[in-house]
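Down below is the structure, laid out as structure tokens.
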Amino acid sequence: MQDEFKDYYKMIGLKVAYYRKLKGLTQEQLAEIMGVGTSFLGQIEAVNIVKPISLDTLFRISKALDVPPHKFLDFT
């Protein structure tokens, strides 16, 4: 992972947490819907951890939260 993208991964994680909470879901519930471990999702959302994710993971999060994928990539 290149250092220049660390802030983007952190912002994606913050948006995942925001939309998850907006839907009233816990990390455990979202992880179960996605079929991943809670610790994996926790790493994505943690601001002190830089967790690169694939587009497949982003699309799975998007589908589980019913939020268009571009919402997680809008950094303006």
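Residues are referred to by chain and number: the chain letter is A, B, ... according to the order shown in the structure tokens, the number counts from 1 in that chain, and ligands are numbered separately from 1 in the order shown.
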
Close residues, Ile49 in chain A itself excluded, 10 Å, only C-alpha atoms, min 3 positions apart in chain, as JSON, numbers by chain: {"A": [6, 9, 10, 13, 42, 43, 44, 45, 46, 52]}

May I have the selected residues written with N, CA and C atoms, as an mmCIF file, in the first residue's frame?
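Listing of result-v2.cif after writing:
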```cif
data_model
loop_
_atom_site.group_PDB
_atom_site.id
_atom_site.type_symbol
_atom_site.label_atom_id
_atom_site.label_comp_id
_atom_site.auth_asym_id
_atom_site.auth_seq_id
_atom_site.Cartn_x
_atom_site.Cartn_y
_atom_site.Cartn_z
ATOM 1 N N LYS A 6 -3.296 6.381 2.211
ATOM 2 C CA LYS A 6 -3.716 6.035 3.571
ATOM 3 C C LYS A 6 -4.936 6.831 4.019
ATOM 4 N N TYR A 9 -8.210 5.467 2.557
ATOM 5 C CA TYR A 9 -8.709 4.258 3.223
ATOM 6 C C TYR A 9 -9.344 4.596 4.569
ATOM 7 N N LYS A 10 -8.766 5.545 5.267
ATOM 8 C CA LYS A 10 -9.346 5.969 6.546
ATOM 9 C C LYS A 10 -10.711 6.614 6.327
ATOM 10 N N GLY A 13 -13.302 4.012 5.599
ATOM 11 C CA GLY A 13 -13.682 3.355 6.847
ATOM 12 C C GLY A 13 -14.651 4.179 7.670
ATOM 13 N N GLY A 42 -14.120 -4.348 11.709
ATOM 14 C CA GLY A 42 -13.573 -3.408 12.687
ATOM 15 C C GLY A 42 -12.292 -2.754 12.207
ATOM 16 N N GLN A 43 -11.456 -3.517 11.517
ATOM 17 C CA GLN A 43 -10.215 -2.964 10.976
ATOM 18 C C GLN A 43 -10.495 -1.939 9.887
ATOM 19 N N ILE A 44 -11.516 -2.198 9.075
ATOM 20 C CA ILE A 44 -11.875 -1.249 8.014
ATOM 21 C C ILE A 44 -12.333 0.071 8.628
ATOM 22 N N GLU A 45 -13.127 -0.003 9.692
ATOM 23 C CA GLU A 45 -13.703 1.198 10.303
ATOM 24 C C GLU A 45 -12.749 1.929 11.243
ATOM 25 N N ALA A 46 -11.734 1.259 11.741
ATOM 26 C CA ALA A 46 -10.840 1.858 12.746
ATOM 27 C C ALA A 46 -9.994 2.974 12.135
ATOM 28 N N PRO A 52 -6.387 -1.533 3.673
ATOM 29 C CA PRO A 52 -6.776 -1.484 2.260
ATOM 30 C C PRO A 52 -7.851 -2.532 1.981
#
```

Per DSSP on the backbone, what are the helix (DSSP H, G or I) residues of chain A, as a tab-separated table (two decimals) with all heavy atoms, in the first residue's frame?
```tsv
chain	number	residue	atom	x	y	z
A	3	ASP	N	1.73	5.10	0.78
A	3	ASP	CA	1.38	6.06	1.82
A	3	ASP	C	0.42	7.14	1.33
A	3	ASP	O	-0.38	7.65	2.10
A	3	ASP	CB	2.64	6.72	2.37
A	3	ASP	CG	3.42	5.81	3.30
A	3	ASP	OD1	2.85	4.79	3.75
A	3	ASP	OD2	4.59	6.10	3.57
A	4	GLU	N	0.49	7.45	0.06
A	4	GLU	CA	-0.34	8.54	-0.45
A	4	GLU	C	-1.83	8.24	-0.39
A	4	GLU	O	-2.65	9.15	-0.46
A	4	GLU	CB	0.07	8.92	-1.87
A	4	GLU	CG	-0.24	7.85	-2.90
A	4	GLU	CD	0.20	8.24	-4.30
A	4	GLU	OE1	-0.34	9.22	-4.85
A	4	GLU	OE2	1.09	7.55	-4.83
A	5	PHE	N	-2.21	6.98	-0.22
A	5	PHE	CA	-3.62	6.61	-0.20
A	5	PHE	C	-4.15	6.29	1.20
A	5	PHE	O	-5.33	5.97	1.35
A	5	PHE	CB	-3.88	5.42	-1.13
A	5	PHE	CG	-3.49	5.68	-2.55
A	5	PHE	CD1	-2.62	4.83	-3.21
A	5	PHE	CD2	-3.97	6.79	-3.24
A	5	PHE	CE1	-2.25	5.08	-4.52
A	5	PHE	CE2	-3.60	7.04	-4.55
A	5	PHE	CZ	-2.73	6.18	-5.20
A	6	LYS	N	-3.30	6.38	2.21
A	6	LYS	CA	-3.72	6.03	3.57
A	6	LYS	C	-4.94	6.83	4.02
A	6	LYS	O	-5.87	6.28	4.60
A	6	LYS	CB	-2.57	6.24	4.57
A	6	LYS	CG	-1.51	5.20	4.47
A	6	LYS	CD	-0.54	5.14	5.62
A	6	LYS	CE	0.02	6.43	6.09
A	6	LYS	NZ	1.15	6.26	7.02
A	7	ASP	N	-4.94	8.11	3.75
A	7	ASP	CA	-6.06	8.96	4.17
A	7	ASP	C	-7.36	8.55	3.49
A	7	ASP	O	-8.43	8.62	4.09
A	7	ASP	CB	-5.77	10.43	3.91
A	7	ASP	CG	-4.72	10.99	4.85
A	7	ASP	OD1	-4.50	10.40	5.93
A	7	ASP	OD2	-4.11	12.02	4.50
A	8	TYR	N	-7.27	8.11	2.24
A	8	TYR	CA	-8.47	7.66	1.53
A	8	TYR	C	-9.06	6.42	2.20
A	8	TYR	O	-10.28	6.31	2.37
A	8	TYR	CB	-8.18	7.36	0.06
A	8	TYR	CG	-7.87	8.59	-0.76
A	8	TYR	CD1	-6.86	8.56	-1.71
A	8	TYR	CD2	-8.59	9.76	-0.61
A	8	TYR	CE1	-6.58	9.67	-2.48
A	8	TYR	CE2	-8.32	10.89	-1.37
A	8	TYR	CZ	-7.30	10.83	-2.31
A	8	TYR	OH	-7.03	11.93	-3.07
A	9	TYR	N	-8.21	5.47	2.56
A	9	TYR	CA	-8.71	4.26	3.22
A	9	TYR	C	-9.34	4.60	4.57
A	9	TYR	O	-10.36	4.02	4.95
A	9	TYR	CB	-7.60	3.22	3.40
A	9	TYR	CG	-7.24	2.52	2.11
A	9	TYR	CD1	-6.01	2.69	1.52
A	9	TYR	CD2	-8.17	1.68	1.49
A	9	TYR	CE1	-5.69	2.03	0.33
A	9	TYR	CE2	-7.86	1.03	0.29
A	9	TYR	CZ	-6.61	1.22	-0.27
A	9	TYR	OH	-6.31	0.57	-1.45
A	10	LYS	N	-8.77	5.55	5.27
A	10	LYS	CA	-9.35	5.97	6.55
A	10	LYS	C	-10.71	6.61	6.33
A	10	LYS	O	-11.66	6.35	7.07
A	10	LYS	CB	-8.41	6.94	7.27
A	10	LYS	CG	-7.18	6.28	7.84
A	10	LYS	CD	-6.31	7.29	8.55
A	10	LYS	CE	-5.05	6.64	9.08
A	10	LYS	NZ	-4.23	7.59	9.84
A	11	MET	N	-10.82	7.45	5.30
A	11	MET	CA	-12.10	8.10	5.01
A	11	MET	C	-13.16	7.08	4.58
A	11	MET	O	-14.33	7.19	4.96
A	11	MET	CB	-11.93	9.17	3.94
A	11	MET	CG	-11.24	10.42	4.46
A	11	MET	SD	-11.24	11.78	3.26
A	11	MET	CE	-9.81	11.37	2.28
A	12	ILE	N	-12.76	6.07	3.81
A	12	ILE	CA	-13.71	5.02	3.44
A	12	ILE	C	-14.21	4.32	4.69
A	12	ILE	O	-15.41	4.08	4.85
A	12	ILE	CB	-13.06	4.02	2.46
A	12	ILE	CG1	-12.84	4.68	1.09
A	12	ILE	CG2	-13.93	2.77	2.32
A	12	ILE	CD1	-12.00	3.85	0.14
A	13	GLY	N	-13.30	4.01	5.60
A	13	GLY	CA	-13.68	3.36	6.85
A	13	GLY	C	-14.65	4.18	7.67
A	13	GLY	O	-15.62	3.65	8.24
A	14	LEU	N	-14.40	5.48	7.73
A	14	LEU	CA	-15.31	6.37	8.47
A	14	LEU	C	-16.69	6.40	7.82
A	14	LEU	O	-17.71	6.42	8.52
A	14	LEU	CB	-14.73	7.78	8.54
A	14	LEU	CG	-13.51	7.96	9.44
A	14	LEU	CD1	-12.91	9.35	9.26
A	14	LEU	CD2	-13.89	7.73	10.90
A	15	LYS	N	-16.72	6.36	6.50
A	15	LYS	CA	-18.01	6.36	5.81
A	15	LYS	C	-18.76	5.04	6.01
A	15	LYS	O	-19.97	5.03	6.14
A	15	LYS	CB	-17.81	6.64	4.32
A	15	LYS	CG	-17.42	8.09	4.06
A	15	LYS	CD	-17.23	8.36	2.60
A	15	LYS	CE	-16.82	9.81	2.41
A	15	LYS	NZ	-17.08	10.30	1.07
A	16	VAL	N	-18.01	3.94	6.04
A	16	VAL	CA	-18.65	2.65	6.31
A	16	VAL	C	-19.31	2.70	7.68
A	16	VAL	O	-20.47	2.32	7.85
A	16	VAL	CB	-17.62	1.49	6.23
A	16	VAL	CG1	-18.22	0.20	6.75
A	16	VAL	CG2	-17.11	1.32	4.80
A	17	ALA	N	-18.57	3.19	8.68
A	17	ALA	CA	-19.11	3.29	10.04
A	17	ALA	C	-20.33	4.21	10.06
A	17	ALA	O	-21.35	3.90	10.70
A	17	ALA	CB	-18.05	3.80	11.00
A	18	TYR	N	-20.25	5.34	9.36
A	18	TYR	CA	-21.36	6.30	9.33
A	18	TYR	C	-22.63	5.67	8.75
A	18	TYR	O	-23.70	5.72	9.37
A	18	TYR	CB	-20.96	7.53	8.51
A	18	TYR	CG	-22.11	8.45	8.22
A	18	TYR	CD1	-22.58	9.32	9.20
A	18	TYR	CD2	-22.74	8.45	6.97
A	18	TYR	CE1	-23.66	10.17	8.94
A	18	TYR	CE2	-23.80	9.29	6.71
A	18	TYR	CZ	-24.26	10.15	7.69
A	18	TYR	OH	-25.33	10.98	7.44
A	19	TYR	N	-22.50	5.05	7.57
A	19	TYR	CA	-23.69	4.47	6.93
A	19	TYR	C	-24.20	3.25	7.70
A	19	TYR	O	-25.40	3.00	7.74
A	19	TYR	CB	-23.41	4.13	5.47
A	19	TYR	CG	-23.33	5.35	4.59
A	19	TYR	CD1	-22.14	5.72	3.97
A	19	TYR	CD2	-24.44	6.15	4.39
A	19	TYR	CE1	-22.07	6.85	3.17
A	19	TYR	CE2	-24.39	7.29	3.60
A	19	TYR	CZ	-23.19	7.63	2.99
A	19	TYR	OH	-23.12	8.76	2.21
A	20	ARG	N	-23.30	2.50	8.32
A	20	ARG	CA	-23.71	1.36	9.13
A	20	ARG	C	-24.57	1.83	10.30
A	20	ARG	O	-25.65	1.29	10.56
A	20	ARG	CB	-22.48	0.60	9.64
A	20	ARG	CG	-22.83	-0.52	10.62
A	20	ARG	CD	-21.59	-1.21	11.15
A	20	ARG	NE	-20.67	-0.34	11.84
A	20	ARG	CZ	-20.84	0.14	13.07
A	20	ARG	NH1	-21.93	-0.13	13.76
A	20	ARG	NH2	-19.91	0.90	13.64
A	21	LYS	N	-24.09	2.86	10.99
A	21	LYS	CA	-24.84	3.39	12.13
A	21	LYS	C	-26.14	4.03	11.68
A	21	LYS	O	-27.15	3.94	12.38
A	21	LYS	CB	-23.98	4.40	12.89
A	21	LYS	CG	-22.80	3.74	13.60
A	21	LYS	CD	-21.87	4.77	14.21
A	21	LYS	CE	-20.65	4.11	14.81
A	21	LYS	NZ	-19.68	5.10	15.30
A	22	LEU	N	-26.12	4.69	10.53
A	22	LEU	CA	-27.33	5.29	9.99
A	22	LEU	C	-28.40	4.22	9.74
A	22	LEU	O	-29.60	4.49	9.92
A	22	LEU	CB	-27.00	6.03	8.68
A	22	LEU	CG	-27.98	7.03	8.14
A	22	LEU	CD1	-28.16	8.20	9.12
A	22	LEU	CD2	-27.52	7.56	6.79
A	27	GLN	N	-21.50	-3.57	14.18
A	27	GLN	CA	-20.46	-4.18	13.36
A	27	GLN	C	-20.73	-5.67	13.19
A	27	GLN	O	-20.52	-6.22	12.11
A	27	GLN	CB	-19.08	-3.97	13.99
A	27	GLN	CG	-18.51	-2.60	13.80
A	27	GLN	CD	-17.09	-2.48	14.33
A	27	GLN	OE1	-16.62	-3.31	15.10
A	27	GLN	NE2	-16.42	-1.43	13.92
A	28	GLU	N	-21.18	-6.30	14.26
A	28	GLU	CA	-21.47	-7.73	14.20
A	28	GLU	C	-22.56	-8.04	13.18
A	28	GLU	O	-22.45	-9.01	12.42
A	28	GLU	CB	-21.88	-8.25	15.59
A	28	GLU	CG	-20.78	-8.24	16.62
A	28	GLU	CD	-20.58	-6.87	17.28
A	28	GLU	OE1	-21.42	-5.95	17.09
A	28	GLU	OE2	-19.56	-6.71	17.97
A	29	GLN	N	-23.60	-7.22	13.17
A	29	GLN	CA	-24.71	-7.46	12.24
A	29	GLN	C	-24.26	-7.26	10.80
A	29	GLN	O	-24.60	-8.07	9.93
A	29	GLN	CB	-25.88	-6.53	12.57
A	29	GLN	CG	-26.58	-6.87	13.87
A	29	GLN	CD	-27.55	-5.78	14.30
A	29	GLN	OE1	-27.29	-4.59	14.16
A	29	GLN	NE2	-28.68	-6.21	14.86
A	30	LEU	N	-23.52	-6.19	10.52
A	30	LEU	CA	-23.05	-5.94	9.16
A	30	LEU	C	-22.08	-7.04	8.73
A	30	LEU	O	-22.16	-7.53	7.60
A	30	LEU	CB	-22.40	-4.57	9.04
A	30	LEU	CG	-21.86	-4.22	7.65
A	30	LEU	CD1	-22.95	-4.33	6.59
A	30	LEU	CD2	-21.23	-2.83	7.66
A	31	ALA	N	-21.20	-7.43	9.61
A	31	ALA	CA	-20.25	-8.50	9.29
A	31	ALA	C	-20.99	-9.79	8.94
A	31	ALA	O	-20.62	-10.49	7.99
A	31	ALA	CB	-19.29	-8.72	10.45
A	32	GLU	N	-22.04	-10.09	9.69
A	32	GLU	CA	-22.82	-11.30	9.42
A	32	GLU	C	-23.51	-11.21	8.06
A	32	GLU	O	-23.51	-12.17	7.29
A	32	GLU	CB	-23.86	-11.50	10.52
A	32	GLU	CG	-24.62	-12.80	10.38
A	32	GLU	CD	-25.58	-13.04	11.55
A	32	GLU	OE1	-25.24	-12.67	12.68
A	32	GLU	OE2	-26.65	-13.60	11.29
A	33	ILE	N	-24.08	-10.06	7.75
A	33	ILE	CA	-24.75	-9.87	6.44
A	33	ILE	C	-23.74	-10.07	5.31
A	33	ILE	O	-24.04	-10.68	4.29
A	33	ILE	CB	-25.38	-8.45	6.35
A	33	ILE	CG1	-26.56	-8.34	7.31
A	33	ILE	CG2	-25.83	-8.16	4.92
A	33	ILE	CD1	-27.06	-6.91	7.52
A	34	MET	N	-22.53	-9.56	5.51
A	34	MET	CA	-21.49	-9.64	4.48
A	34	MET	C	-20.80	-11.00	4.45
A	34	MET	O	-20.13	-11.32	3.47
A	34	MET	CB	-20.44	-8.55	4.71
A	34	MET	CG	-20.93	-7.15	4.50
A	34	MET	SD	-19.63	-5.96	4.87
A	34	MET	CE	-18.32	-6.50	3.79
A	38	THR	N	-16.11	-10.07	12.29
A	38	THR	CA	-16.29	-8.77	12.91
A	38	THR	C	-14.96	-8.02	12.99
A	38	THR	O	-14.92	-6.81	12.81
A	38	THR	CB	-16.89	-8.92	14.33
A	38	THR	OG1	-18.11	-9.64	14.21
A	38	THR	CG2	-17.18	-7.58	14.96
A	39	SER	N	-13.88	-8.74	13.24
A	39	SER	CA	-12.57	-8.08	13.34
A	39	SER	C	-12.15	-7.47	12.01
A	39	SER	O	-11.54	-6.40	11.97
A	39	SER	CB	-11.50	-9.05	13.84
A	39	SER	OG	-11.33	-10.11	12.93
A	40	PHE	N	-12.51	-8.13	10.90
A	40	PHE	CA	-12.20	-7.59	9.57
A	40	PHE	C	-12.92	-6.26	9.37
A	40	PHE	O	-12.32	-5.27	8.95
A	40	PHE	CB	-12.61	-8.59	8.50
A	40	PHE	CG	-12.40	-8.11	7.08
A	40	PHE	CD1	-11.13	-7.98	6.55
A	40	PHE	CD2	-13.49	-7.79	6.29
A	40	PHE	CE1	-10.94	-7.53	5.25
A	40	PHE	CE2	-13.32	-7.34	4.99
A	40	PHE	CZ	-12.03	-7.22	4.47
A	41	LEU	N	-14.19	-6.23	9.68
A	41	LEU	CA	-14.97	-5.00	9.54
A	41	LEU	C	-14.46	-3.93	10.50
A	41	LEU	O	-14.37	-2.76	10.14
A	41	LEU	CB	-16.46	-5.28	9.78
A	41	LEU	CG	-17.40	-4.13	9.49
A	41	LEU	CD1	-17.30	-3.67	8.04
A	41	LEU	CD2	-18.83	-4.50	9.82
A	42	GLY	N	-14.12	-4.35	11.71
A	42	GLY	CA	-13.57	-3.41	12.69
A	42	GLY	C	-12.29	-2.75	12.21
A	42	GLY	O	-12.06	-1.56	12.43
A	43	GLN	N	-11.46	-3.52	11.52
A	43	GLN	CA	-10.21	-2.96	10.98
A	43	GLN	C	-10.49	-1.94	9.89
A	43	GLN	O	-9.80	-0.93	9.78
A	43	GLN	CB	-9.33	-4.07	10.42
A	43	GLN	CG	-8.72	-4.96	11.47
A	43	GLN	CD	-7.94	-6.11	10.88
A	43	GLN	OE1	-7.83	-6.25	9.66
A	43	GLN	NE2	-7.40	-6.96	11.73
A	44	ILE	N	-11.52	-2.20	9.08
A	44	ILE	CA	-11.87	-1.25	8.01
A	44	ILE	C	-12.33	0.07	8.63
A	44	ILE	O	-11.96	1.15	8.17
A	44	ILE	CB	-12.98	-1.83	7.11
A	44	ILE	CG1	-12.45	-3.02	6.31
A	44	ILE	CG2	-13.55	-0.76	6.17
A	44	ILE	CD1	-13.53	-3.80	5.56
A	45	GLU	N	-13.13	0.00	9.69
A	45	GLU	CA	-13.70	1.20	10.30
A	45	GLU	C	-12.75	1.93	11.24
A	45	GLU	O	-12.95	3.11	11.51
A	45	GLU	CB	-14.97	0.83	11.07
A	45	GLU	CG	-16.12	0.41	10.19
A	45	GLU	CD	-17.40	0.20	10.97
A	45	GLU	OE1	-17.43	0.47	12.18
A	45	GLU	OE2	-18.39	-0.23	10.35
A	55	LEU	N	-12.14	-3.70	-4.36
A	55	LEU	CA	-13.43	-3.21	-4.88
A	55	LEU	C	-14.53	-4.21	-4.58
A	55	LEU	O	-15.66	-3.81	-4.30
A	55	LEU	CB	-13.34	-2.95	-6.38
A	55	LEU	CG	-12.65	-1.66	-6.79
A	55	LEU	CD1	-12.54	-1.58	-8.32
A	55	LEU	CD2	-13.41	-0.46	-6.27
A	56	ASP	N	-14.21	-5.49	-4.61
A	56	ASP	CA	-15.22	-6.50	-4.27
A	56	ASP	C	-15.75	-6.27	-2.86
A	56	ASP	O	-16.96	-6.32	-2.63
A	56	ASP	CB	-14.64	-7.92	-4.36
A	56	ASP	CG	-14.47	-8.40	-5.78
A	56	ASP	OD1	-15.03	-7.77	-6.71
A	56	ASP	OD2	-13.78	-9.42	-5.97
A	57	THR	N	-14.85	-5.99	-1.91
A	57	THR	CA	-15.28	-5.72	-0.54
A	57	THR	C	-16.10	-4.45	-0.48
A	57	THR	O	-17.14	-4.41	0.20
A	57	THR	CB	-14.05	-5.61	0.39
A	57	THR	OG1	-13.34	-6.86	0.37
A	57	THR	CG2	-14.46	-5.28	1.81
A	58	LEU	N	-15.68	-3.43	-1.19
A	58	LEU	CA	-16.44	-2.18	-1.20
A	58	LEU	C	-17.84	-2.41	-1.76
A	58	LEU	O	-18.83	-1.91	-1.21
A	58	LEU	CB	-15.71	-1.11	-2.02
A	58	LEU	CG	-16.42	0.24	-2.09
A	58	LEU	CD1	-16.42	0.92	-0.72
A	58	LEU	CD2	-15.75	1.14	-3.11
A	59	PHE	N	-17.94	-3.20	-2.82
A	59	PHE	CA	-19.24	-3.48	-3.41
A	59	PHE	C	-20.11	-4.31	-2.47
A	59	PHE	O	-21.33	-4.11	-2.41
A	59	PHE	CB	-19.09	-4.20	-4.76
A	59	PHE	CG	-18.45	-3.36	-5.83
A	59	PHE	CD1	-17.70	-3.96	-6.84
A	59	PHE	CD2	-18.55	-1.98	-5.85
A	59	PHE	CE1	-17.11	-3.20	-7.84
A	59	PHE	CE2	-17.96	-1.20	-6.84
A	59	PHE	CZ	-17.23	-1.82	-7.84
A	60	ARG	N	-19.52	-5.22	-1.72
A	60	ARG	CA	-20.28	-6.02	-0.75
A	60	ARG	C	-20.81	-5.14	0.38
A	60	ARG	O	-21.95	-5.30	0.83
A	60	ARG	CB	-19.41	-7.15	-0.20
A	60	ARG	CG	-19.18	-8.23	-1.25
A	60	ARG	CD	-18.15	-9.24	-0.85
A	60	ARG	NE	-18.56	-9.99	0.32
A	60	ARG	CZ	-17.71	-10.63	1.10
A	60	ARG	NH1	-16.42	-10.61	0.85
A	60	ARG	NH2	-18.14	-11.32	2.14
A	61	ILE	N	-19.97	-4.20	0.83
A	61	ILE	CA	-20.41	-3.25	1.87
A	61	ILE	C	-21.55	-2.41	1.32
A	61	ILE	O	-22.57	-2.21	1.98
A	61	ILE	CB	-19.24	-2.36	2.32
A	61	ILE	CG1	-18.20	-3.18	3.08
A	61	ILE	CG2	-19.74	-1.20	3.16
A	61	ILE	CD1	-16.88	-2.45	3.32
A	62	SER	N	-21.37	-1.91	0.11
A	62	SER	CA	-22.37	-1.08	-0.54
A	62	SER	C	-23.71	-1.81	-0.64
A	62	SER	O	-24.76	-1.25	-0.32
A	62	SER	CB	-21.86	-0.69	-1.93
A	62	SER	OG	-22.86	-0.07	-2.68
A	63	LYS	N	-23.67	-3.05	-1.07
A	63	LYS	CA	-24.89	-3.84	-1.22
A	63	LYS	C	-25.54	-4.10	0.14
A	63	LYS	O	-26.75	-3.95	0.29
A	63	LYS	CB	-24.56	-5.16	-1.91
A	63	LYS	CG	-25.74	-6.03	-2.17
A	63	LYS	CD	-25.33	-7.29	-2.90
A	63	LYS	CE	-26.54	-8.20	-3.11
A	63	LYS	NZ	-26.17	-9.44	-3.80
A	64	ALA	N	-24.73	-4.45	1.12
A	64	ALA	CA	-25.26	-4.76	2.45
A	64	ALA	C	-25.91	-3.54	3.10
A	64	ALA	O	-26.91	-3.67	3.82
A	64	ALA	CB	-24.15	-5.30	3.35
A	65	LEU	N	-25.37	-2.36	2.84
A	65	LEU	CA	-25.91	-1.14	3.43
A	65	LEU	C	-26.90	-0.42	2.53
A	65	LEU	O	-27.48	0.59	2.92
A	65	LEU	CB	-24.76	-0.19	3.80
A	65	LEU	CG	-23.83	-0.67	4.90
A	65	LEU	CD1	-22.67	0.31	5.08
A	65	LEU	CD2	-24.58	-0.83	6.21
A	70	HIS	N	-20.33	4.78	-5.02
A	70	HIS	CA	-19.65	6.05	-5.20
A	70	HIS	C	-19.70	6.92	-3.93
A	70	HIS	O	-18.84	7.78	-3.73
A	70	HIS	CB	-20.21	6.83	-6.39
A	70	HIS	CG	-21.58	7.38	-6.19
A	70	HIS	ND1	-21.81	8.62	-5.64
A	70	HIS	CD2	-22.80	6.84	-6.46
A	70	HIS	CE1	-23.12	8.84	-5.58
A	70	HIS	NE2	-23.73	7.78	-6.08
A	71	LYS	N	-20.67	6.68	-3.07
A	71	LYS	CA	-20.78	7.46	-1.83
A	71	LYS	C	-19.56	7.25	-0.94
A	71	LYS	O	-19.17	8.14	-0.19
A	71	LYS	CB	-22.04	7.08	-1.05
A	71	LYS	CG	-23.32	7.42	-1.74
A	71	LYS	CD	-23.66	8.86	-1.51
A	71	LYS	CE	-25.07	9.13	-1.96
A	71	LYS	NZ	-25.48	10.48	-1.64
A	72	PHE	N	-18.95	6.05	-1.01
A	72	PHE	CA	-17.79	5.76	-0.18
A	72	PHE	C	-16.51	6.35	-0.78
A	72	PHE	O	-15.50	6.45	-0.10
A	72	PHE	CB	-17.61	4.25	-0.04
A	72	PHE	CG	-18.77	3.59	0.67
A	72	PHE	CD1	-19.78	2.96	-0.04
A	72	PHE	CD2	-18.86	3.63	2.06
A	72	PHE	CE1	-20.84	2.36	0.60
A	72	PHE	CE2	-19.93	3.03	2.71
A	72	PHE	CZ	-20.92	2.41	1.98
A	73	LEU	N	-16.57	6.73	-2.06
A	73	LEU	CA	-15.38	7.24	-2.76
A	73	LEU	C	-15.44	8.72	-3.04
A	73	LEU	O	-14.57	9.24	-3.73
A	73	LEU	CB	-15.19	6.46	-4.07
A	73	LEU	CG	-14.97	4.96	-3.90
A	73	LEU	CD1	-15.01	4.27	-5.25
A	73	LEU	CD2	-13.67	4.68	-3.19
```

CA of Phe75 in chain A to CA of Val36 in chain A, straight-line distance in Å: 25.8 Å
